[in-house]
Amino acid sequence: MTCDGRLPELLMRADASGQTGFGHLVRTCAMAGNMRRDFLCRIYSWDSTGAPLSDWARQQAADAGAEISAIEASTMQDADRAFIDILDASPEPPLTVLDNYYFQADYQHEVRRRSKALICLDDMHDRHFVADLLISFVPLPRSLFSMDRHTQFLSGFRYASLREPFMLPRRNLPRGSVVVAMGGADPLGLTDRIVPMLRKAMPEPVIEIVAGAGVRIGSAIDGLYRTVVHRNLNAGEMAALFDRAMLGVFPASTICLEAFARQCPVAAGFFTDNQLDFYRTGVEQGLFIPLGDLRTTDLSPLRNLSALPSADNLPDFQAGRAELISLFRQLADD
């Protein structure tokens with residue numbers, strides 16, 4: 001706490017839109033939920049399409065005990081400037097988190113100069129980092145990253161911030177359904193491609209499709225036998241889906257980690273470059289059935305489910321969360 005008894009501020013920027021997806025915002029909200037007892041968390045998000053903050057996004061933040069505000073800007077440059085103005089208006093330099101794949105070193109420097117400390121959440125290693133702490137939830141070596149000497153580095157799936165319902169004890173439900181989620185935006189229409197093939201490969205299980213409000217479900221899925229579409233589920237509803245699923249089919253991203261936390265077996269693929277490190281690591285560690293490129297896969301690896309991944313080598317999310325909370329406290333006190 002500050003000297004007057006107030007919680008220190010944790011300002012977090014995680015942009016999200018129907019074009020770029022909502023994964024960064026989800027994990028930033030999850031991190032805010034983990035830090036809520038030690039920090040006053042404020043989340044700022046820019047939507048490149050100009051759409052207002054959705055009720056879903058507001059609920060994500062509310063569930064995490066955080067405030068959320070839209071960054072009103074028509075261009076990335078204007079959004080960057082607006083967030084700098086927000087930092088300048090803070091009564092004291094806050095702890096600041098940047099979560100996305102495009103914050104360059106010069107912008108990081110401007111943010112860090114106005115912050116108690118800067119934390120970057122990023123597993124891409126295509127630019128230099130000047131942050132005080134860089135967290136890659138994909139387990140990658142420090143040598144892959146370019147960073148200043150002062151930058152602390154944490155790497156590993158266990159450091160992924162998961163929403164509270166995924167951290168609770170698993171309900172002992174019969175497992176029988178298959179969950180499919182291609183992201184909150186699914187701009188490539190992968191749901192329409194994957195689900196009909198999955199129905200042919202697995203004729204009997206109920207297929208439960210998780211889709212954001214903007215995900216278009218086409219005629220190829222309408223009327224498919226034992227297929228259910230869920231829109232805008234909250235974290236508790238998602239955790240319940242995973243608790244009763246025999247398999248989840250996902251991109252290699254945070255949703256896989258949420259499924260791991262519920263001990264739900266996973267088949268995963270990729271469709272963008274920023275998923276490749278996650279995918280390759282998951283394959284090497286035997287964490288999921290590898291599907292390859294989701295834009296071209298024929299789901300043939302699902303023809304034999306006799307050897308589903310085990311839960312023996314799953315990440316220790318509880319230990320990772322405790323370590324992050326302790327480190328954030330230290331950064332705020334230094």
# chains A, B, ... in the order shown; residues from 1 in each chain; ligands from 1
call {"tool": "select_by_dssp", "arguments": {"residues": "stretch 52-292 of chain A", "states": "strand (DSSP E)", "output": "number ranges by chain"}}
result
A: 67-70, 95-99, 117-121, 128-129, 133-136, 146-147, 152-155, 177-181, 207-211, 227-231, 245-251, 266-270, 289-292
call {"tool": "residues_around", "arguments": {"residues": "A:Ser161", "least_positions_apart": "5", "cutoff": "8 Å", "atoms": "only C-alpha atoms", "output": "ChimeraX atom specification"}}
result
/A:27-28,30-31,34,317,321
call {"tool": "write_last_selection", "arguments": {"atoms": "N, CA, C and O atoms", "output": "compact mmCIF listing (two decimals), in the first residue's frame"}}
result
# COMPACT_ATOMS: atom_id res chain seq x y z
N ARG A 27 -6.33 -12.11 -21.19
CA ARG A 27 -5.27 -12.45 -20.24
C ARG A 27 -4.88 -11.26 -19.37
O ARG A 27 -4.44 -11.44 -18.23
N THR A 28 -5.05 -10.03 -19.89
CA THR A 28 -4.79 -8.86 -19.06
C THR A 28 -5.84 -8.75 -17.96
O THR A 28 -5.52 -8.44 -16.80
N ALA A 30 -7.37 -11.26 -16.70
CA ALA A 30 -7.03 -12.34 -15.77
C ALA A 30 -5.91 -11.91 -14.84
O ALA A 30 -5.95 -12.19 -13.62
N MET A 31 -4.90 -11.24 -15.38
CA MET A 31 -3.81 -10.75 -14.53
C MET A 31 -4.32 -9.74 -13.51
O MET A 31 -3.92 -9.76 -12.33
N ASN A 34 -5.80 -11.51 -10.66
CA ASN A 34 -4.78 -12.06 -9.76
C ASN A 34 -4.18 -11.00 -8.85
O ASN A 34 -3.75 -11.30 -7.74
N PHE A 317 0.08 -23.71 -12.35
CA PHE A 317 -0.39 -22.33 -12.46
C PHE A 317 -0.45 -21.63 -11.11
O PHE A 317 -0.23 -20.42 -11.02
N ARG A 321 1.40 -18.10 -10.33
CA ARG A 321 0.66 -16.91 -9.91
C ARG A 321 1.25 -16.31 -8.65
O ARG A 321 1.43 -15.09 -8.55
call {"tool": "select_by_dssp", "arguments": {"residues": "stretch 39-214 of chain A", "states": "helix (DSSP H, G or I)", "output": "PyMOL selection string"}}
result
chain A and resi 55-63+76-88+105-113+142-144+157-159+164-167+190-201
call {"tool": "residues_around", "arguments": {"residues": "A:Arg303", "least_positions_apart": "6", "cutoff": "12 Å", "atoms": "only C-alpha atoms", "output": "list in words"}}
result
Met197, Leu198, Arg199, Lys200, Ala201, Met202, Pro203, Ala267, Ile289 and Leu291 of chain A
call {"tool": "write_last_selection", "arguments": {"atoms": "all heavy atoms", "output": "short mmCIF file (atom, residue, chain, number, x, y, z; two decimals), in the first residue's frame"}}
result
data_model
loop_
_atom_site.label_atom_id
_atom_site.label_comp_id
_atom_site.auth_asym_id
_atom_site.auth_seq_id
_atom_site.Cartn_x
_atom_site.Cartn_y
_atom_site.Cartn_z
N MET A 197 -15.83 -31.09 -40.44
CA MET A 197 -14.85 -32.18 -40.48
C MET A 197 -14.83 -32.94 -39.17
O MET A 197 -14.72 -34.18 -39.14
CB MET A 197 -13.45 -31.62 -40.77
CG MET A 197 -13.23 -31.18 -42.20
SD MET A 197 -11.47 -30.88 -42.54
CE MET A 197 -11.14 -29.52 -41.44
N LEU A 198 -14.93 -32.21 -38.06
CA LEU A 198 -14.93 -32.86 -36.76
C LEU A 198 -16.15 -33.75 -36.58
O LEU A 198 -16.07 -34.85 -36.01
CB LEU A 198 -14.89 -31.78 -35.66
CG LEU A 198 -14.78 -32.27 -34.22
CD1 LEU A 198 -13.50 -33.04 -34.01
CD2 LEU A 198 -14.85 -31.08 -33.27
N ARG A 199 -17.28 -33.29 -37.10
CA ARG A 199 -18.51 -34.08 -37.00
C ARG A 199 -18.34 -35.41 -37.75
O ARG A 199 -18.80 -36.45 -37.29
CB ARG A 199 -19.68 -33.29 -37.58
CG ARG A 199 -21.03 -33.99 -37.60
CD ARG A 199 -21.71 -33.94 -36.23
NE ARG A 199 -21.09 -34.76 -35.21
CZ ARG A 199 -21.30 -34.64 -33.91
NH1 ARG A 199 -22.10 -33.71 -33.44
NH2 ARG A 199 -20.69 -35.43 -33.05
N LYS A 200 -17.66 -35.40 -38.89
CA LYS A 200 -17.43 -36.63 -39.64
C LYS A 200 -16.44 -37.55 -38.91
O LYS A 200 -16.60 -38.76 -38.88
CB LYS A 200 -16.91 -36.32 -41.03
CG LYS A 200 -17.94 -35.69 -41.95
CD LYS A 200 -17.35 -35.41 -43.34
CE LYS A 200 -18.39 -34.77 -44.25
NZ LYS A 200 -17.82 -34.46 -45.60
N ALA A 201 -15.41 -36.94 -38.32
CA ALA A 201 -14.41 -37.73 -37.62
C ALA A 201 -14.94 -38.31 -36.32
O ALA A 201 -14.54 -39.41 -35.91
CB ALA A 201 -13.17 -36.88 -37.34
N MET A 202 -15.85 -37.58 -35.66
CA MET A 202 -16.39 -38.00 -34.36
C MET A 202 -17.91 -37.86 -34.42
O MET A 202 -18.47 -36.84 -34.00
CB MET A 202 -15.78 -37.15 -33.25
CG MET A 202 -14.26 -37.16 -33.24
SD MET A 202 -13.52 -36.10 -31.96
CE MET A 202 -13.93 -37.04 -30.49
N PRO A 203 -18.62 -38.86 -34.93
CA PRO A 203 -20.06 -38.72 -35.20
C PRO A 203 -20.94 -38.57 -33.97
O PRO A 203 -21.99 -37.93 -34.06
CB PRO A 203 -20.40 -40.02 -35.95
CG PRO A 203 -19.10 -40.56 -36.44
CD PRO A 203 -18.08 -40.13 -35.44
N ALA A 267 -6.54 -30.87 -28.45
CA ALA A 267 -5.94 -30.96 -29.78
C ALA A 267 -5.79 -29.53 -30.28
O ALA A 267 -6.75 -28.76 -30.26
CB ALA A 267 -6.82 -31.77 -30.73
N ILE A 289 -2.63 -32.98 -28.77
CA ILE A 289 -2.59 -33.65 -30.07
C ILE A 289 -2.30 -32.58 -31.13
O ILE A 289 -3.03 -31.60 -31.23
CB ILE A 289 -3.93 -34.33 -30.37
CG1 ILE A 289 -4.24 -35.40 -29.34
CG2 ILE A 289 -3.93 -34.93 -31.78
CD1 ILE A 289 -5.65 -35.94 -29.43
N LEU A 291 -2.38 -30.65 -34.52
CA LEU A 291 -3.24 -30.60 -35.71
C LEU A 291 -2.58 -29.86 -36.87
O LEU A 291 -3.12 -29.86 -37.98
CB LEU A 291 -4.57 -29.92 -35.37
CG LEU A 291 -5.44 -30.63 -34.34
CD1 LEU A 291 -6.71 -29.82 -34.09
CD2 LEU A 291 -5.79 -32.04 -34.79
#
call {"tool": "closest_residue", "arguments": {"among": "A:Pro165, A:Pro93, A:Gly292, A:Pro301", "to": "A:Pro8", "atoms": "only C-alpha atoms"}}
result
A:Pro93
call {"tool": "atom_distance", "arguments": {"atom1": "atom CA of A:Glu237", "atom2": "atom CA of A:Asp186"}}
result
19.8 Å
call {"tool": "residues_around", "arguments": {"residues": "A:Pro141", "least_positions_apart": "6", "cutoff": "12 Å", "atoms": "only C-alpha atoms", "output": "VMD selection string"}}
result
chain A and resid 123 to 125 135 153 to 156 277 281
call {"tool": "closest_residue", "arguments": {"among": "A:Ala213, A:Met167, A:Leu287, A:Met12", "to": "A:Ser115", "atoms": "only C-alpha atoms"}}
result
A:Met12
call {"tool": "residues_around", "arguments": {"residues": "A:Ile217", "least_positions_apart": "6", "cutoff": "10 Å", "atoms": "only C-alpha atoms", "output": "PyMOL selection string"}}
result
chain A and resi 189-192+209+211+229
call {"tool": "write_last_selection", "arguments": {"atoms": "C-alpha atoms", "output": "PDB file, in the first residue's frame"}}
result
ATOM      1  CA  GLY A 189     -13.906 -18.366 -40.433  1.00  0.00           C
ATOM      2  CA  LEU A 190     -12.123 -21.454 -39.082  1.00  0.00           C
ATOM      3  CA  THR A 191     -15.147 -22.565 -37.083  1.00  0.00           C
ATOM      4  CA  ASP A 192     -17.079 -23.206 -40.307  1.00  0.00           C
ATOM      5  CA  ILE A 209     -18.902 -24.398 -30.165  1.00  0.00           C
ATOM      6  CA  ALA A 211     -18.025 -18.152 -30.268  1.00  0.00           C
ATOM      7  CA  VAL A 229     -23.336 -22.895 -30.238  1.00  0.00           C
TER       8      VAL A 229
END
call {"tool": "closest_residue", "arguments": {"among": "A:Val206, A:Leu162, A:Leu302, A:Leu134", "to": "A:Arg244", "atoms": "only C-alpha atoms"}}
result
A:Val206
call {"tool": "closest_residue", "arguments": {"among": "A:Thr20, A:Asn304, A:Asp63, A:Glu9", "to": "A:Pro91", "atoms": "only C-alpha atoms"}}
result
A:Glu9
call {"tool": "atom_distance", "arguments": {"atom1": "atom CA of A:Asp222", "atom2": "atom CA of A:Val210"}}
result
14.6 Å
call {"tool": "closest_residue", "arguments": {"among": "A:Gly176, A:Gly320, A:Gly282, A:Pro52", "to": "A:Glu208", "atoms": "only C-alpha atoms"}}
result
A:Gly176
call {"tool": "closest_residue", "arguments": {"among": "A:Cys264, A:Leu95, A:Leu133, A:Ala220", "to": "A:Val111", "atoms": "only C-alpha atoms"}}
result
A:Leu95
call {"tool": "residues_around", "arguments": {"residues": "A:Gln318", "least_positions_apart": "6", "cutoff": "12 Å", "atoms": "only C-alpha atoms", "output": "number ranges by chain"}}
result
A: 34, 157-164, 166-169, 261, 324-325
call {"tool": "write_last_selection", "arguments": {"atoms": "N, CA, C and O atoms", "output": "CSV table (one decimal), in the first residue's frame"}}
result
chain,number,residue,atom,x,y,z
A,34,ASN,N,-5.8,-11.5,-10.7
A,34,ASN,CA,-4.8,-12.1,-9.8
A,34,ASN,C,-4.2,-11.0,-8.9
A,34,ASN,O,-3.7,-11.3,-7.7
A,157,PHE,N,4.8,-21.6,-19.2
A,157,PHE,CA,3.4,-21.7,-19.2
A,157,PHE,C,2.8,-21.4,-17.8
A,157,PHE,O,1.7,-20.8,-17.7
A,158,ARG,N,3.5,-21.7,-16.8
A,158,ARG,CA,3.0,-21.5,-15.4
A,158,ARG,C,2.7,-20.0,-15.1
A,158,ARG,O,2.0,-19.7,-14.1
A,159,TYR,N,3.4,-19.1,-15.8
A,159,TYR,CA,3.2,-17.7,-15.6
A,159,TYR,C,2.0,-17.1,-16.3
A,159,TYR,O,1.7,-15.9,-16.2
A,160,ALA,N,1.3,-17.9,-17.0
A,160,ALA,CA,0.1,-17.4,-17.7
A,160,ALA,C,-0.9,-17.1,-16.6
A,160,ALA,O,-1.2,-17.8,-15.7
A,161,SER,N,-1.5,-15.9,-16.7
A,161,SER,CA,-2.6,-15.5,-15.8
A,161,SER,C,-3.9,-16.0,-16.3
A,161,SER,O,-4.3,-15.7,-17.4
A,162,LEU,N,-4.5,-16.9,-15.5
A,162,LEU,CA,-5.8,-17.5,-15.8
A,162,LEU,C,-6.9,-16.9,-14.9
A,162,LEU,O,-6.7,-16.5,-13.8
A,163,ARG,N,-8.1,-16.8,-15.5
A,163,ARG,CA,-9.2,-16.2,-14.8
A,163,ARG,C,-9.6,-17.2,-13.6
A,163,ARG,O,-9.4,-18.4,-13.7
A,164,GLU,N,-10.1,-16.6,-12.6
A,164,GLU,CA,-10.3,-17.3,-11.3
A,164,GLU,C,-11.0,-18.6,-11.4
A,164,GLU,O,-10.6,-19.6,-10.8
A,166,PHE,N,-11.0,-20.9,-13.6
A,166,PHE,CA,-10.1,-21.9,-14.1
A,166,PHE,C,-9.2,-22.4,-13.0
A,166,PHE,O,-8.6,-23.5,-13.1
A,167,MET,N,-9.0,-21.7,-11.9
A,167,MET,CA,-8.1,-22.0,-10.9
A,167,MET,C,-8.7,-22.8,-9.7
A,167,MET,O,-8.1,-23.3,-8.8
A,168,LEU,N,-10.1,-22.9,-9.8
A,168,LEU,CA,-10.8,-23.5,-8.7
A,168,LEU,C,-10.8,-25.1,-8.9
A,168,LEU,O,-10.5,-25.5,-10.0
A,169,PRO,N,-11.0,-25.8,-7.8
A,169,PRO,CA,-11.0,-27.3,-8.0
A,169,PRO,C,-12.0,-27.7,-9.1
A,169,PRO,O,-13.1,-27.2,-9.2
A,261,ALA,N,-5.8,-26.3,-17.2
A,261,ALA,CA,-6.1,-26.1,-15.8
A,261,ALA,C,-7.3,-26.9,-15.3
A,261,ALA,O,-7.4,-27.2,-14.1
A,324,LEU,N,4.4,-14.4,-9.4
A,324,LEU,CA,4.2,-13.1,-10.1
A,324,LEU,C,3.7,-12.1,-9.1
A,324,LEU,O,4.1,-10.9,-9.2
A,325,ILE,N,2.8,-12.4,-8.3
A,325,ILE,CA,2.2,-11.5,-7.3
A,325,ILE,C,3.4,-10.9,-6.4
A,325,ILE,O,3.5,-9.7,-6.2
call {"tool": "residues_around", "arguments": {"residues": "stretch 65-68 of chain A", "least_positions_apart": "2", "cutoff": "6 Å", "atoms": "only C-alpha atoms", "output": "ChimeraX atom specification"}}
result
/A:41-44,61-63
call {"tool": "atom_distance", "arguments": {"atom1": "atom CA of A:Ser54", "atom2": "atom CA of A:Gly248"}}
result
26.4 Å
